[in-house]
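Chemist: Next comes entry_0.cif, mmCIF, C-alpha atoms:
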```cif
data_start
#
loop_
_atom_site.label_atom_id
_atom_site.label_comp_id
_atom_site.auth_asym_id
_atom_site.auth_seq_id
_atom_site.Cartn_x
_atom_site.Cartn_y
_atom_site.Cartn_z
CA MET Y 22 -64.64 -70.73 53.46
CA SER Y 23 -61.01 -70.75 52.36
CA ARG Y 24 -61.63 -74.02 50.52
CA ALA Y 25 -64.51 -72.47 48.60
CA LEU Y 26 -62.38 -69.46 47.77
CA GLY Y 27 -59.64 -71.79 46.50
CA ALA Y 28 -62.09 -73.66 44.31
CA ALA Y 29 -63.40 -70.42 42.89
CA LEU Y 30 -59.88 -69.22 42.13
CA ALA Y 31 -59.05 -72.54 40.47
CA ALA Y 32 -62.18 -72.29 38.33
CA LEU Y 33 -61.25 -68.76 37.32
CA LEU Y 34 -57.76 -69.92 36.38
CA VAL Y 35 -59.15 -72.76 34.25
CA MET Y 36 -61.53 -70.35 32.53
CA ALA Y 37 -58.74 -67.88 31.91
CA SER Y 38 -56.41 -70.53 30.51
CA SER Y 39 -58.96 -72.11 28.13
CA PRO Y 40 -58.95 -70.34 24.75
CA THR Y 41 -62.12 -68.46 23.97
CA PRO Y 42 -63.21 -68.66 20.31
CA GLU Y 43 -62.87 -65.40 18.50
CA ALA Y 44 -65.42 -64.31 15.94
CA ILE Y 45 -64.39 -64.97 12.35
CA HIS Y 46 -64.57 -62.25 9.75
CA ARG Y 47 -62.39 -62.75 6.71
CA GLY Y 48 -62.59 -61.75 3.08
CA TRP Y 49 -60.68 -62.38 -0.12
CA ALA Y 50 -60.77 -60.95 -3.62
CA THR Y 51 -61.40 -63.74 -6.14
CA THR Y 52 -62.42 -64.35 -9.70
CA ALA Y 53 -66.12 -64.47 -10.56
CA ASP Y 54 -66.02 -68.23 -11.04
CA VAL Y 55 -63.67 -69.04 -8.17
CA ALA Y 56 -63.28 -72.71 -7.26
CA LEU Y 57 -64.05 -72.69 -3.55
CA ARG Y 58 -63.57 -75.54 -1.11
CA ILE Y 59 -65.11 -75.40 2.35
CA TRP Y 60 -64.00 -77.91 4.98
CA LEU Y 61 -66.15 -77.93 8.09
CA PRO Y 62 -66.26 -81.22 10.02
CA THR Y 63 -69.26 -80.19 12.09
CA GLY Y 64 -71.44 -77.15 12.66
CA THR Y 65 -73.44 -75.10 10.21
CA VAL Y 66 -72.61 -73.31 7.01
CA GLN Y 67 -74.90 -71.09 5.02
CA VAL Y 68 -73.74 -70.08 1.55
CA ASP Y 69 -75.39 -67.09 -0.10
CA CYS Y 70 -74.43 -65.49 -3.38
CA TRP Y 71 -73.75 -61.89 -4.23
CA ASP Y 72 -72.76 -59.94 -7.33
CA ARG Y 73 -69.19 -59.23 -6.27
CA ASP Y 74 -65.90 -60.93 -7.07
CA SER Y 75 -65.00 -61.69 -3.51
CA ILE Y 76 -65.68 -64.08 -0.65
CA ASP Y 77 -66.85 -62.94 2.76
CA VAL Y 78 -66.85 -65.32 5.72
CA ARG Y 79 -68.32 -64.55 9.13
CA GLY Y 80 -69.00 -66.85 12.02
CA THR Y 81 -67.80 -68.40 15.21
CA PRO Y 82 -65.43 -71.33 15.52
CA GLY Y 83 -66.01 -74.08 18.07
CA LYS Y 84 -64.14 -74.04 21.36
CA ALA Y 85 -61.32 -76.36 20.30
CA SER Y 86 -61.23 -75.24 16.67
CA VAL Y 87 -59.31 -72.70 14.65
CA PHE Y 88 -60.23 -71.11 11.36
CA PHE Y 89 -57.93 -71.32 8.34
CA GLY Y 90 -58.29 -70.11 4.81
CA GLY Y 91 -56.85 -68.33 1.83
CA THR Y 92 -56.82 -67.95 -1.92
CA ALA Y 93 -54.41 -68.92 -4.65
CA PRO Y 94 -52.57 -66.07 -6.39
CA GLY Y 95 -55.05 -64.43 -8.75
CA GLY Y 96 -58.02 -65.60 -6.72
CA ALA Y 97 -58.99 -68.43 -9.08
CA SER Y 98 -59.30 -70.85 -6.19
CA ALA Y 99 -59.91 -70.52 -2.49
CA LYS Y 100 -60.18 -72.77 0.48
CA PHE Y 101 -61.21 -72.27 4.06
CA GLY Y 102 -62.47 -74.25 7.00
CA VAL Y 103 -61.78 -75.16 10.58
CA GLU Y 104 -59.37 -77.61 12.09
CA PRO Y 105 -58.72 -78.81 15.64
CA ARG Y 106 -56.64 -76.50 17.82
CA ARG Y 107 -54.59 -79.50 18.97
CA ARG Y 108 -53.56 -82.31 16.64
CA ASN Y 109 -54.84 -85.07 18.92
CA GLU Y 110 -58.14 -83.42 19.67
CA PRO Y 111 -60.72 -86.24 19.60
CA ALA Y 112 -63.73 -83.99 18.97
CA LEU Y 113 -64.58 -82.82 15.48
CA ALA Y 114 -63.57 -79.27 14.65
CA SER Y 115 -66.64 -77.09 14.40
CA ALA Y 116 -67.91 -73.66 13.47
CA ASP Y 117 -71.04 -71.79 12.51
CA LEU Y 118 -70.32 -69.90 9.29
CA ARG Y 119 -72.16 -67.58 6.97
CA VAL Y 120 -70.48 -67.23 3.61
CA LEU Y 121 -71.05 -64.85 0.72
CA VAL Y 122 -69.60 -65.99 -2.60
CA PRO Y 123 -69.65 -64.80 -6.22
CA ARG Y 124 -72.79 -66.10 -7.88
CA ARG Y 125 -70.81 -68.14 -10.43
CA ALA Y 126 -68.49 -69.68 -7.86
CA ARG Y 127 -67.86 -73.40 -8.14
CA ILE Y 128 -68.40 -74.61 -4.62
CA ALA Y 129 -67.47 -77.82 -2.84
CA VAL Y 130 -68.51 -78.25 0.78
CA LYS Y 131 -67.24 -81.15 2.81
CA MET Y 132 -68.59 -81.99 6.27
CA THR Y 133 -68.93 -84.91 8.60
CA ASP Y 134 -72.01 -84.01 10.60
CA GLY Y 135 -73.67 -80.68 10.14
CA ARG Y 136 -76.10 -78.45 8.36
CA VAL Y 137 -75.40 -76.98 4.94
CA THR Y 138 -77.68 -74.43 3.32
CA THR Y 139 -77.00 -72.87 -0.07
CA ILE Y 140 -79.11 -70.31 -1.87
CA GLY Y 141 -78.87 -69.00 -5.40
CA THR Y 142 -75.72 -70.64 -6.77
CA THR Y 143 -75.28 -70.64 -10.54
CA GLY Y 144 -71.94 -72.43 -10.74
CA SER Y 145 -71.47 -76.07 -9.84
CA LEU Y 146 -72.25 -77.08 -6.29
CA GLU Y 147 -70.98 -80.20 -4.58
CA VAL Y 148 -71.82 -81.20 -1.01
CA LEU Y 149 -70.30 -84.19 0.72
CA THR Y 150 -71.31 -85.08 4.26
CA VAL Y 151 -71.66 -88.19 6.35
CA THR Y 152 -74.80 -87.11 8.12
CA GLY Y 153 -76.78 -84.00 8.98
CA GLU Y 154 -78.95 -81.83 6.79
CA VAL Y 155 -78.41 -80.43 3.31
CA THR Y 156 -80.75 -77.75 1.99
CA ILE Y 157 -80.26 -76.33 -1.50
CA ARG Y 158 -82.49 -73.63 -2.94
CA GLU Y 159 -82.60 -71.78 -6.23
CA ALA Y 160 -79.53 -73.43 -7.72
CA ARG Y 161 -79.12 -72.81 -11.44
CA GLY Y 162 -75.94 -74.80 -11.98
CA SER Y 163 -75.33 -78.48 -11.45
CA VAL Y 164 -75.87 -79.90 -7.97
CA THR Y 165 -74.18 -83.00 -6.58
CA VAL Y 166 -74.85 -84.26 -3.07
CA GLU Y 167 -73.29 -87.34 -1.60
CA THR Y 168 -74.07 -88.48 1.94
CA ILE Y 169 -74.39 -91.57 4.08
CA ASP Y 170 -77.56 -90.68 5.92
CA ALA Y 171 -78.14 -86.93 5.76
CA THR Y 172 -81.52 -85.45 5.01
CA VAL Y 173 -81.36 -83.75 1.61
CA ARG Y 174 -83.86 -81.10 0.55
CA ILE Y 175 -83.57 -79.45 -2.86
CA ARG Y 176 -85.96 -76.80 -4.11
CA GLU Y 177 -86.37 -74.69 -7.23
CA THR Y 178 -83.35 -75.81 -9.20
CA GLN Y 179 -82.71 -75.58 -12.93
CA GLY Y 180 -79.50 -77.52 -13.50
CA ALA Y 181 -78.78 -81.21 -13.29
CA VAL Y 182 -79.27 -82.68 -9.82
CA ARG Y 183 -77.43 -85.74 -8.65
CA VAL Y 184 -77.93 -87.14 -5.14
CA ARG Y 185 -76.46 -90.32 -3.74
CA ASN Y 186 -77.59 -91.18 -0.23
CA GLY Y 187 -77.56 -94.16 2.09
CA GLY Y 188 -80.23 -94.04 4.75
CA GLY Y 189 -81.22 -90.38 4.50
CA VAL Y 190 -84.35 -88.93 2.98
CA VAL Y 191 -84.11 -87.09 -0.34
CA SER Y 192 -86.84 -84.65 -1.27
CA LEU Y 193 -86.96 -82.51 -4.39
CA ALA Y 194 -89.51 -79.89 -5.36
CA ASP Y 195 -89.80 -77.75 -8.47
CA VAL Y 196 -86.77 -79.26 -10.16
CA GLN Y 197 -86.50 -78.25 -13.81
CA GLY Y 198 -83.32 -80.05 -14.87
CA THR Y 199 -82.40 -83.68 -15.03
CA MET Y 200 -82.15 -85.67 -11.82
CA THR Y 201 -80.35 -88.80 -10.68
CA LEU Y 202 -81.30 -89.83 -7.17
CA THR Y 203 -80.03 -92.98 -5.50
CA THR Y 204 -80.55 -94.18 -1.93
CA VAL Y 205 -80.13 -97.41 -0.03
CA GLY Y 206 -82.75 -97.11 2.69
CA GLY Y 207 -83.75 -93.48 2.43
CA SER Y 208 -87.04 -92.42 0.91
CA ILE Y 209 -87.18 -90.34 -2.27
CA SER Y 210 -89.84 -87.75 -2.85
CA VAL Y 211 -90.15 -85.64 -6.01
CA ASP Y 212 -92.80 -82.96 -6.50
CA GLY Y 213 -93.26 -80.62 -9.41
CA THR Y 214 -94.83 -79.76 -12.71
CA GLY Y 215 -92.91 -80.41 -15.88
CA LEU Y 216 -90.43 -82.85 -14.42
CA GLY Y 217 -87.52 -83.61 -16.76
CA ASP Y 218 -85.53 -86.73 -17.48
CA GLY Y 219 -84.47 -88.60 -14.40
CA ARG Y 220 -83.58 -91.78 -12.66
CA LEU Y 221 -84.82 -92.51 -9.15
CA GLU Y 222 -83.46 -95.60 -7.48
CA THR Y 223 -83.71 -97.02 -3.99
CA LEU Y 224 -83.15 -100.34 -2.34
CA GLY Y 225 -85.47 -100.29 0.65
CA GLY Y 226 -86.82 -96.76 0.80
CA SER Y 227 -90.05 -95.57 -0.72
CA ILE Y 228 -90.31 -93.52 -3.91
CA ALA Y 229 -93.06 -90.98 -4.39
CA VAL Y 230 -93.45 -88.85 -7.53
CA ARG Y 231 -96.15 -86.19 -7.55
CA GLY Y 232 -96.88 -83.95 -10.52
CA THR Y 233 -96.55 -83.88 -14.27
CA ILE Y 234 -93.77 -84.85 -16.61
CA ARG Y 235 -92.48 -82.76 -19.48
CA PRO Y 236 -93.44 -83.99 -22.94
CA HIS Y 237 -90.89 -86.51 -24.23
CA ALA Y 238 -89.18 -86.66 -20.85
CA ARG Y 239 -88.45 -90.09 -19.44
CA LEU Y 240 -88.46 -90.94 -15.78
CA GLU Y 241 -86.99 -94.25 -14.60
CA VAL Y 242 -88.08 -95.39 -11.16
CA GLN Y 243 -86.60 -98.47 -9.56
CA SER Y 244 -86.71 -100.12 -6.14
CA HIS Y 245 -85.69 -103.42 -4.64
CA ASP Y 246 -88.32 -103.81 -1.94
CA GLY Y 247 -89.48 -100.25 -1.32
CA PRO Y 248 -92.92 -99.13 -2.49
CA ILE Y 249 -93.28 -96.85 -5.52
CA THR Y 250 -96.12 -94.37 -5.66
CA LEU Y 251 -96.91 -92.20 -8.68
CA VAL Y 252 -99.40 -89.42 -8.01
CA LEU Y 253 -100.28 -88.00 -11.44
CA ASP Y 254 -102.65 -85.57 -13.04
CA GLN Y 255 -105.54 -87.50 -14.51
CA SER Y 256 -105.54 -85.17 -17.51
CA ALA Y 257 -101.84 -85.66 -18.28
CA VAL Y 258 -100.97 -89.27 -17.55
CA PRO Y 259 -97.59 -90.16 -19.08
CA ARG Y 260 -97.01 -93.47 -20.78
CA LEU Y 261 -96.59 -95.98 -17.96
CA ASP Y 262 -94.39 -99.06 -18.25
CA LEU Y 263 -94.55 -100.64 -14.81
CA ALA Y 264 -93.59 -104.08 -13.52
CA THR Y 265 -92.90 -105.71 -10.18
CA ARG Y 266 -91.65 -109.25 -9.62
CA GLY Y 267 -92.85 -109.90 -6.11
CA GLY Y 268 -95.00 -106.87 -5.27
CA ILE Y 269 -98.49 -105.76 -6.15
CA LEU Y 270 -99.16 -103.36 -9.01
CA ARG Y 271 -102.13 -100.99 -8.69
CA ASN Y 272 -102.80 -98.62 -11.56
CA GLY Y 273 -106.02 -96.70 -11.61
CA LEU Y 274 -105.04 -94.37 -14.45
CA GLY Y 275 -104.40 -96.70 -17.38
CA LEU Y 276 -101.36 -96.83 -19.65
CA GLY Y 277 -101.23 -93.08 -20.35
CA ASN Y 278 -99.89 -91.24 -23.36
CA ALA Y 279 -96.31 -90.64 -24.51
CA ARG Y 280 -97.00 -86.98 -25.27
CA PHE Y 281 -97.13 -86.44 -21.53
CA GLY Y 282 -93.79 -88.10 -21.05
CA GLU Y 283 -92.90 -91.62 -20.00
CA VAL Y 284 -92.43 -93.41 -16.70
CA LEU Y 285 -90.58 -96.70 -16.50
CA GLY Y 286 -91.10 -98.33 -13.09
CA ARG Y 287 -89.47 -101.53 -11.86
CA SER Y 288 -89.46 -103.18 -8.47
CA PHE Y 289 -88.03 -106.48 -7.36
CA LYS Y 290 -90.55 -107.09 -4.59
CA GLY Y 291 -91.99 -103.71 -3.69
CA GLY Y 292 -95.47 -102.60 -4.68
CA ILE Y 293 -96.21 -100.00 -7.37
CA SER Y 294 -99.22 -97.71 -7.08
CA VAL Y 295 -100.49 -95.13 -9.54
CA VAL Y 296 -103.06 -92.74 -8.15
CA ALA Y 297 -104.70 -89.56 -9.36
CA ARG Y 298 -103.66 -86.26 -7.91
CA THR Y 299 -106.62 -84.62 -6.30
CA GLY Y 300 -107.38 -81.17 -4.92
CA ILE Y 301 -106.36 -77.83 -6.36
CA ALA Y 302 -102.90 -79.17 -7.16
CA GLY Y 303 -104.52 -81.83 -9.33
CA GLY Y 304 -106.46 -79.19 -11.24
CA LYS Y 305 -109.92 -80.40 -10.15
CA GLY Y 306 -110.72 -78.44 -7.03
CA SER Y 307 -111.95 -81.55 -5.26
CA THR Y 308 -110.94 -82.64 -1.81
CA PRO Y 309 -108.96 -85.79 -1.22
CA PRO Y 310 -110.98 -88.80 0.02
CA MET A 5 39.81 -76.05 69.75
CA THR A 6 38.83 -79.37 68.30
CA ASN A 7 35.77 -79.52 70.53
CA GLU A 8 34.51 -76.24 69.28
CA SER A 9 30.98 -76.62 67.99
CA PHE A 10 30.11 -75.56 64.53
CA GLU A 11 26.42 -75.18 65.47
CA PRO A 12 25.21 -71.65 65.77
CA PRO A 13 24.37 -70.51 69.14
CA LEU A 14 20.92 -71.50 70.47
CA SER A 15 19.70 -68.00 70.17
CA GLU A 16 20.35 -68.15 66.46
CA GLN A 17 18.95 -71.65 65.80
CA LEU A 18 15.61 -71.97 63.86
CA PRO A 19 12.56 -73.33 65.75
CA ALA A 20 11.80 -77.09 65.39
CA GLU A 21 8.39 -76.28 63.76
CA LEU A 22 8.04 -73.47 61.33
CA ARG A 23 4.90 -71.40 61.89
CA VAL A 24 3.20 -71.12 58.49
CA PRO A 25 1.73 -67.72 57.80
CA ALA A 26 -2.09 -67.72 58.08
CA SER A 27 -2.56 -66.53 54.50
CA VAL A 28 -0.46 -69.39 53.07
CA ARG A 29 -2.34 -71.90 55.20
CA ALA A 30 -5.73 -70.60 54.05
CA ALA A 31 -4.69 -70.64 50.39
CA THR A 32 -3.36 -74.21 50.70
CA LEU A 33 -6.53 -75.44 52.42
CA ALA A 34 -8.68 -73.75 49.74
CA ALA A 35 -6.67 -75.40 46.96
CA VAL A 36 -7.02 -78.80 48.58
CA GLY A 37 -10.77 -78.33 49.03
CA HIS A 38 -11.16 -77.20 45.43
CA ALA A 39 -9.31 -80.25 44.13
CA ARG A 40 -11.49 -82.53 46.26
CA ARG A 41 -14.69 -80.94 45.00
CA ARG A 42 -13.48 -81.18 41.41
CA ARG A 43 -12.83 -84.88 41.86
CA ALA A 44 -16.29 -85.36 43.36
CA TRP A 45 -18.00 -83.56 40.44
CA ARG A 46 -15.94 -85.56 37.98
CA ARG A 47 -17.16 -88.74 39.65
CA VAL A 48 -20.80 -87.50 39.50
CA GLY A 49 -20.44 -86.53 35.84
CA THR A 50 -18.94 -89.87 34.90
CA GLY A 51 -21.71 -91.65 36.81
CA ALA A 52 -24.40 -89.59 35.06
CA VAL A 53 -22.95 -90.30 31.61
CA ALA A 54 -22.74 -94.02 32.45
CA ALA A 55 -26.34 -94.03 33.73
CA GLY A 56 -27.48 -92.21 30.60
CA LEU A 57 -25.74 -94.68 28.33
CA LEU A 58 -27.25 -97.54 30.32
CA LEU A 59 -30.73 -96.01 30.02
CA LEU A 60 -30.24 -95.50 26.29
CA VAL A 61 -29.21 -99.10 25.80
CA ALA A 62 -32.03 -100.35 28.03
CA THR A 63 -34.72 -98.33 26.26
CA SER A 64 -33.47 -99.29 22.84
CA LEU A 65 -33.55 -102.94 23.78
CA THR A 66 -36.96 -102.83 25.46
CA PRO A 67 -39.86 -102.90 22.97
CA ARG A 68 -41.79 -99.65 23.11
CA VAL A 69 -45.27 -99.99 24.55
CA LYS A 70 -47.67 -98.42 22.03
CA GLN A 71 -50.44 -96.32 23.41
CA ALA A 72 -53.68 -95.73 21.58
CA GLY A 73 -54.25 -92.08 20.86
CA PRO A 74 -56.92 -90.33 18.91
CA MET A 75 -56.17 -90.55 15.20
CA PRO A 76 -56.73 -87.33 13.29
CA GLY A 77 -60.05 -87.73 11.52
CA GLY A 78 -60.78 -90.95 13.40
CA ALA A 79 -64.01 -89.55 14.79
CA SER A 80 -65.28 -88.82 11.27
CA MET A 81 -64.39 -92.28 10.06
CA LEU A 82 -66.01 -93.92 13.08
CA LEU A 83 -69.19 -91.93 12.63
CA ALA A 84 -69.28 -92.74 8.93
CA SER A 85 -68.85 -96.47 9.65
CA GLU A 86 -71.62 -96.44 12.25
CA ARG A 87 -74.01 -94.53 10.00
CA ALA A 88 -73.32 -96.79 7.04
CA ALA A 89 -73.84 -100.06 8.94
CA PRO A 90 -77.62 -100.35 8.24
CA ALA A 91 -77.03 -99.59 4.57
CA PHE A 92 -74.36 -102.29 4.31
CA ALA A 93 -76.75 -104.81 5.94
CA ALA A 94 -79.50 -103.86 3.48
CA LEU A 95 -77.10 -104.16 0.55
CA ASP A 96 -75.93 -107.60 1.68
CA LEU A 97 -79.52 -108.82 1.97
CA ALA A 98 -80.48 -107.41 -1.42
CA GLU A 99 -77.43 -108.96 -3.07
CA ARG A 100 -78.33 -112.39 -1.64
CA GLU A 101 -81.90 -112.08 -2.93
CA LEU A 102 -80.76 -110.95 -6.37
CA ARG A 103 -78.23 -113.77 -6.62
CA THR A 104 -80.93 -116.31 -5.73
CA ALA A 105 -83.21 -114.81 -8.37
CA LEU A 106 -80.40 -114.83 -10.93
CA ALA A 107 -79.75 -118.49 -10.24
CA GLU A 108 -83.34 -119.17 -11.25
CA SER A 109 -83.35 -116.94 -14.32
CA ALA A 110 -79.74 -116.60 -15.41
CA GLY A 111 -78.85 -113.75 -17.74
CA ASP A 112 -81.84 -111.60 -16.83
CA PRO A 113 -80.56 -108.11 -17.77
CA GLU A 114 -82.71 -106.32 -15.21
CA LEU A 115 -81.41 -108.51 -12.38
CA ASP A 116 -77.86 -108.03 -13.65
CA THR A 117 -78.35 -104.27 -13.64
CA ALA A 118 -79.81 -104.36 -10.14
CA LEU A 119 -76.91 -106.45 -8.87
CA ALA A 120 -74.39 -104.07 -10.42
CA SER A 121 -76.20 -101.19 -8.79
CA VAL A 122 -75.97 -102.88 -5.36
CA ARG A 123 -72.23 -103.35 -5.81
CA ASP A 124 -71.83 -99.76 -6.95
CA GLN A 125 -73.69 -98.52 -3.87
CA ARG A 126 -71.49 -100.61 -1.58
CA ALA A 127 -68.32 -99.31 -3.23
CA ARG A 128 -69.56 -95.75 -2.90
CA LEU A 129 -70.28 -96.14 0.82
CA GLN A 130 -66.85 -97.68 1.39
CA ARG A 131 -65.23 -94.79 -0.44
CA MET A 132 -67.19 -92.27 1.60
CA ILE A 133 -66.01 -93.87 4.84
CA ARG A 134 -62.40 -93.75 3.66
CA GLU A 135 -62.70 -90.16 2.55
CA ALA A 136 -64.45 -89.03 5.74
CA VAL A 137 -61.03 -88.64 7.36
CA SER A 138 -59.98 -85.54 5.49
#
```
Can you give me the file's structure in the form of structure tokens?
Modeler:
Amino acid sequence: MSRALGAALAALLVMASSPTPEAIHRGWATTADVALRIWLPTGTVQVDCWDRDSIDVRGTPGKASVFFGGTAPGGASAKFGVEPRRRNEPALASADLRVLVPRRARIAVKMTDGRVTTIGTTGSLEVLTVTGEVTIREARGSVTVETIDATVRIRETQGAVRVRNGGGVVSLADVQGTMTLTTVGGSISVDGTGLGDGRLETLGGSIAVRGTIRPHARLEVQSHDGPITLVLDQSAVPRLDLATRGGILRNGLGLGNARFGEVLGRSFKGGISVVARTGIAGGKGSTPP
Amino acid sequence: MTNESFEPPLSEQLPAELRVPASVRAATLAAVGHARRRRAWRRVGTGAVAAGLLLLVATSLTPRVKQAGPMPGGASMLLASERAAPAFAALDLAERELRTALAESAGDPELDTALASVRDQRARLQRMIREAVS
């Protein structure tokens, strides 16, 4: 009985001595196009934009992590993030943050393993992470994502998109601006109507392009041994210049026409397939076979 | 008259042993004890200083045993290295295949471009691992 009581007291003491994370709520006045750096080794960060010249951060730090942050005089630049409570802490500092930033803010997010979501940025956006998940929606400025094997999803963007990935999947939908996508083993998927100039390159992943290309736009698609699939509207087939050294080329849509854009496809030993888009999306109302 | 003693009479002679007053005796004993204790402390102090000097010399002469501790950012770098390993293997394989192909058709611009791209990807991954620390 007394032993159990002692154990309970010891547990209470341990609980009382371990620091409990306090909720974060900080804010700073900044310029409209503040250069903001976010450093979050692990956890989640969601960045939303608002029409105010200030930054608002809310969230919860991890157990062994402390929040830091501040702005330069004048508010032209700001930085915040989390760091380990103790210098020799082996675990990554973590937090779950929700951030509101000026719409024109120039944002750089750096993580090791986590989830980044941004919505509605119009300034430049840069995300660097080793692994995890990156979701970007409604970006009007330039977007740069660099990862080793994170899953990258980008939707409804208008500016230039640049993604460099290792083994992670990259998927883009409704991208109006130029795009440069490179992976080592990760698959690349691009969907949309009126796709602009771009370069899609992978070593061992697959590449799939579905949709139409803007007139005079040029899309370069290259793989080492990954398969390339072009799913195109039969009524708007771009000029196709396709070649594979060791793979099989299947093109059921002919050479196409330059007024619907141009696709240059090359593969070292992967196959290249061109197929017609079917169903309502393909403009025919038929069902896929 | 010549035998007359110059000594005072016995009743006036001092006793053979003087009886020291108790207060003087206590003060003397206290002073002696104090001096003894001071000597003892001095000996302890000297010994401690000597031992300290000896320890200092001994530790400075003995090579320090290094202990592995967690490096700040080490976890990030380790994770990055692990995650990049399959990509490095794929890049190595691709480079070998491209080199073989280039040996057969030297100067092929497409193969040259592909090889440069493989090297660029490898350099990028290496940079990402280095930069994962901070």
Chemist: For a quick test of understanding: name the residues of chain Y lying within 10 Å of chain A when counting all atoms listed in the file, and present them as an MDAnalysis selection string.
Modeler: chainID Y and resid 60 62:63 105 107:114 131:134 149:152 167:171 185:189 203:207 222:225 243:246 287:289
Chemist: For this file, the PyMOL selection byres ((chain Y and resi 263) around 12) selects which residues, as an NGL selection string?
Modeler: :Y and (240-244 or 249-251 or 259-262 or 264-266 or 268-272 or 275-277 or 283-289 or 291-295)
Chemist: Do you have the atom CA of Ala50 of chain Y-atom CA of Ser98 of chain Y distance handy?
Modeler: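 According to the coordinates, atom CA of Ala50 of chain Y and atom CA of Ser98 of chain Y are separated by 10.3 Å.
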Chemist: I'd like the contact shell of Gly64 of chain Y - 7 Å cut-off, all atoms listed in the file, skipping same-chain residues fewer than 2 positions apart - returned as a ChimeraX atom specification.
Modeler: /Y:66,115-117,135-136
Chemist: Please write the residues picked by the PyMOL selection byres ((chain Y and resi 234) around 12) on this file as a PyMOL selection string.
Modeler: chain Y and resi 195-199+211-219+230-233+235-241+251-254+256-261+277-284
Chemist: With the file shown as input, list the residues that the PyMOL selection byres ((chain Y and resi 71) around 7) selects, as a ChimeraX atom specification.
Modeler: /Y:69-70,72-73,121-124
Chemist: Hey, can you check how far atom CA of Thr156 of chain Y sits from atom CA of Val55 of chain Y?
Modeler: 21.7 Å
Chemist: How big is the axis-aligned box around all listed atoms of segment 86-97 of chain A once 8 Å goes on each side, and where's its centre, in Å to one decimal, as JSON?
Modeler:
```
{"center_x": -75.6, "center_y": -101.7, "center_z": 6.4, "size_x": 23.9, "size_y": 30.3, "size_z": 27.7}
```
Chemist: How far is it from atom CA of Val155 of chain Y to atom CA of Ser208 of chain Y, in Å with one decimal?
Modeler: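 We find that atom CA of Val155 of chain Y and atom CA of Ser208 of chain Y lie 15.0 Å from each other.
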Chemist: So that I can look at just that part, could you write segment 47-60 of chain A with N, CA and C atoms, as a compact mmCIF listing (two decimals), in the first residue's frame?
Modeler:
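Once written, part_5.txt looks like this:
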```txt
# COMPACT_ATOMS: atom_id res chain seq x y z
N ARG A 47 47.38 21.89 8.05
CA ARG A 47 47.84 20.64 7.41
C ARG A 47 46.80 20.15 6.40
N VAL A 48 45.50 20.20 6.78
CA VAL A 48 44.43 19.75 5.88
C VAL A 48 44.39 20.61 4.62
N GLY A 49 44.50 21.92 4.80
CA GLY A 49 44.48 22.85 3.67
C GLY A 49 45.62 22.58 2.71
N THR A 50 46.82 22.42 3.28
CA THR A 50 47.99 22.15 2.44
C THR A 50 47.80 20.85 1.67
N GLY A 51 47.26 19.85 2.38
CA GLY A 51 47.02 18.54 1.74
C GLY A 51 46.02 18.66 0.61
N ALA A 52 44.96 19.46 0.83
CA ALA A 52 43.92 19.62 -0.20
C ALA A 52 44.48 20.32 -1.42
N VAL A 53 45.29 21.36 -1.19
CA VAL A 53 45.89 22.09 -2.32
C VAL A 53 46.81 21.16 -3.11
N ALA A 54 47.60 20.35 -2.36
CA ALA A 54 48.51 19.42 -3.02
C ALA A 54 47.74 18.39 -3.84
N ALA A 55 46.63 17.87 -3.25
CA ALA A 55 45.82 16.87 -3.95
C ALA A 55 45.20 17.49 -5.19
N GLY A 56 44.74 18.74 -5.06
CA GLY A 56 44.15 19.43 -6.21
C GLY A 56 45.14 19.61 -7.33
N LEU A 57 46.34 20.05 -6.97
CA LEU A 57 47.39 20.22 -7.98
C LEU A 57 47.71 18.91 -8.66
N LEU A 58 47.77 17.85 -7.83
CA LEU A 58 48.06 16.51 -8.38
C LEU A 58 46.98 16.08 -9.36
N LEU A 59 45.72 16.34 -8.98
CA LEU A 59 44.59 15.96 -9.83
C LEU A 59 44.63 16.74 -11.14
N LEU A 60 44.98 18.04 -11.01
CA LEU A 60 45.06 18.89 -12.19
C LEU A 60 46.11 18.38 -13.17
```
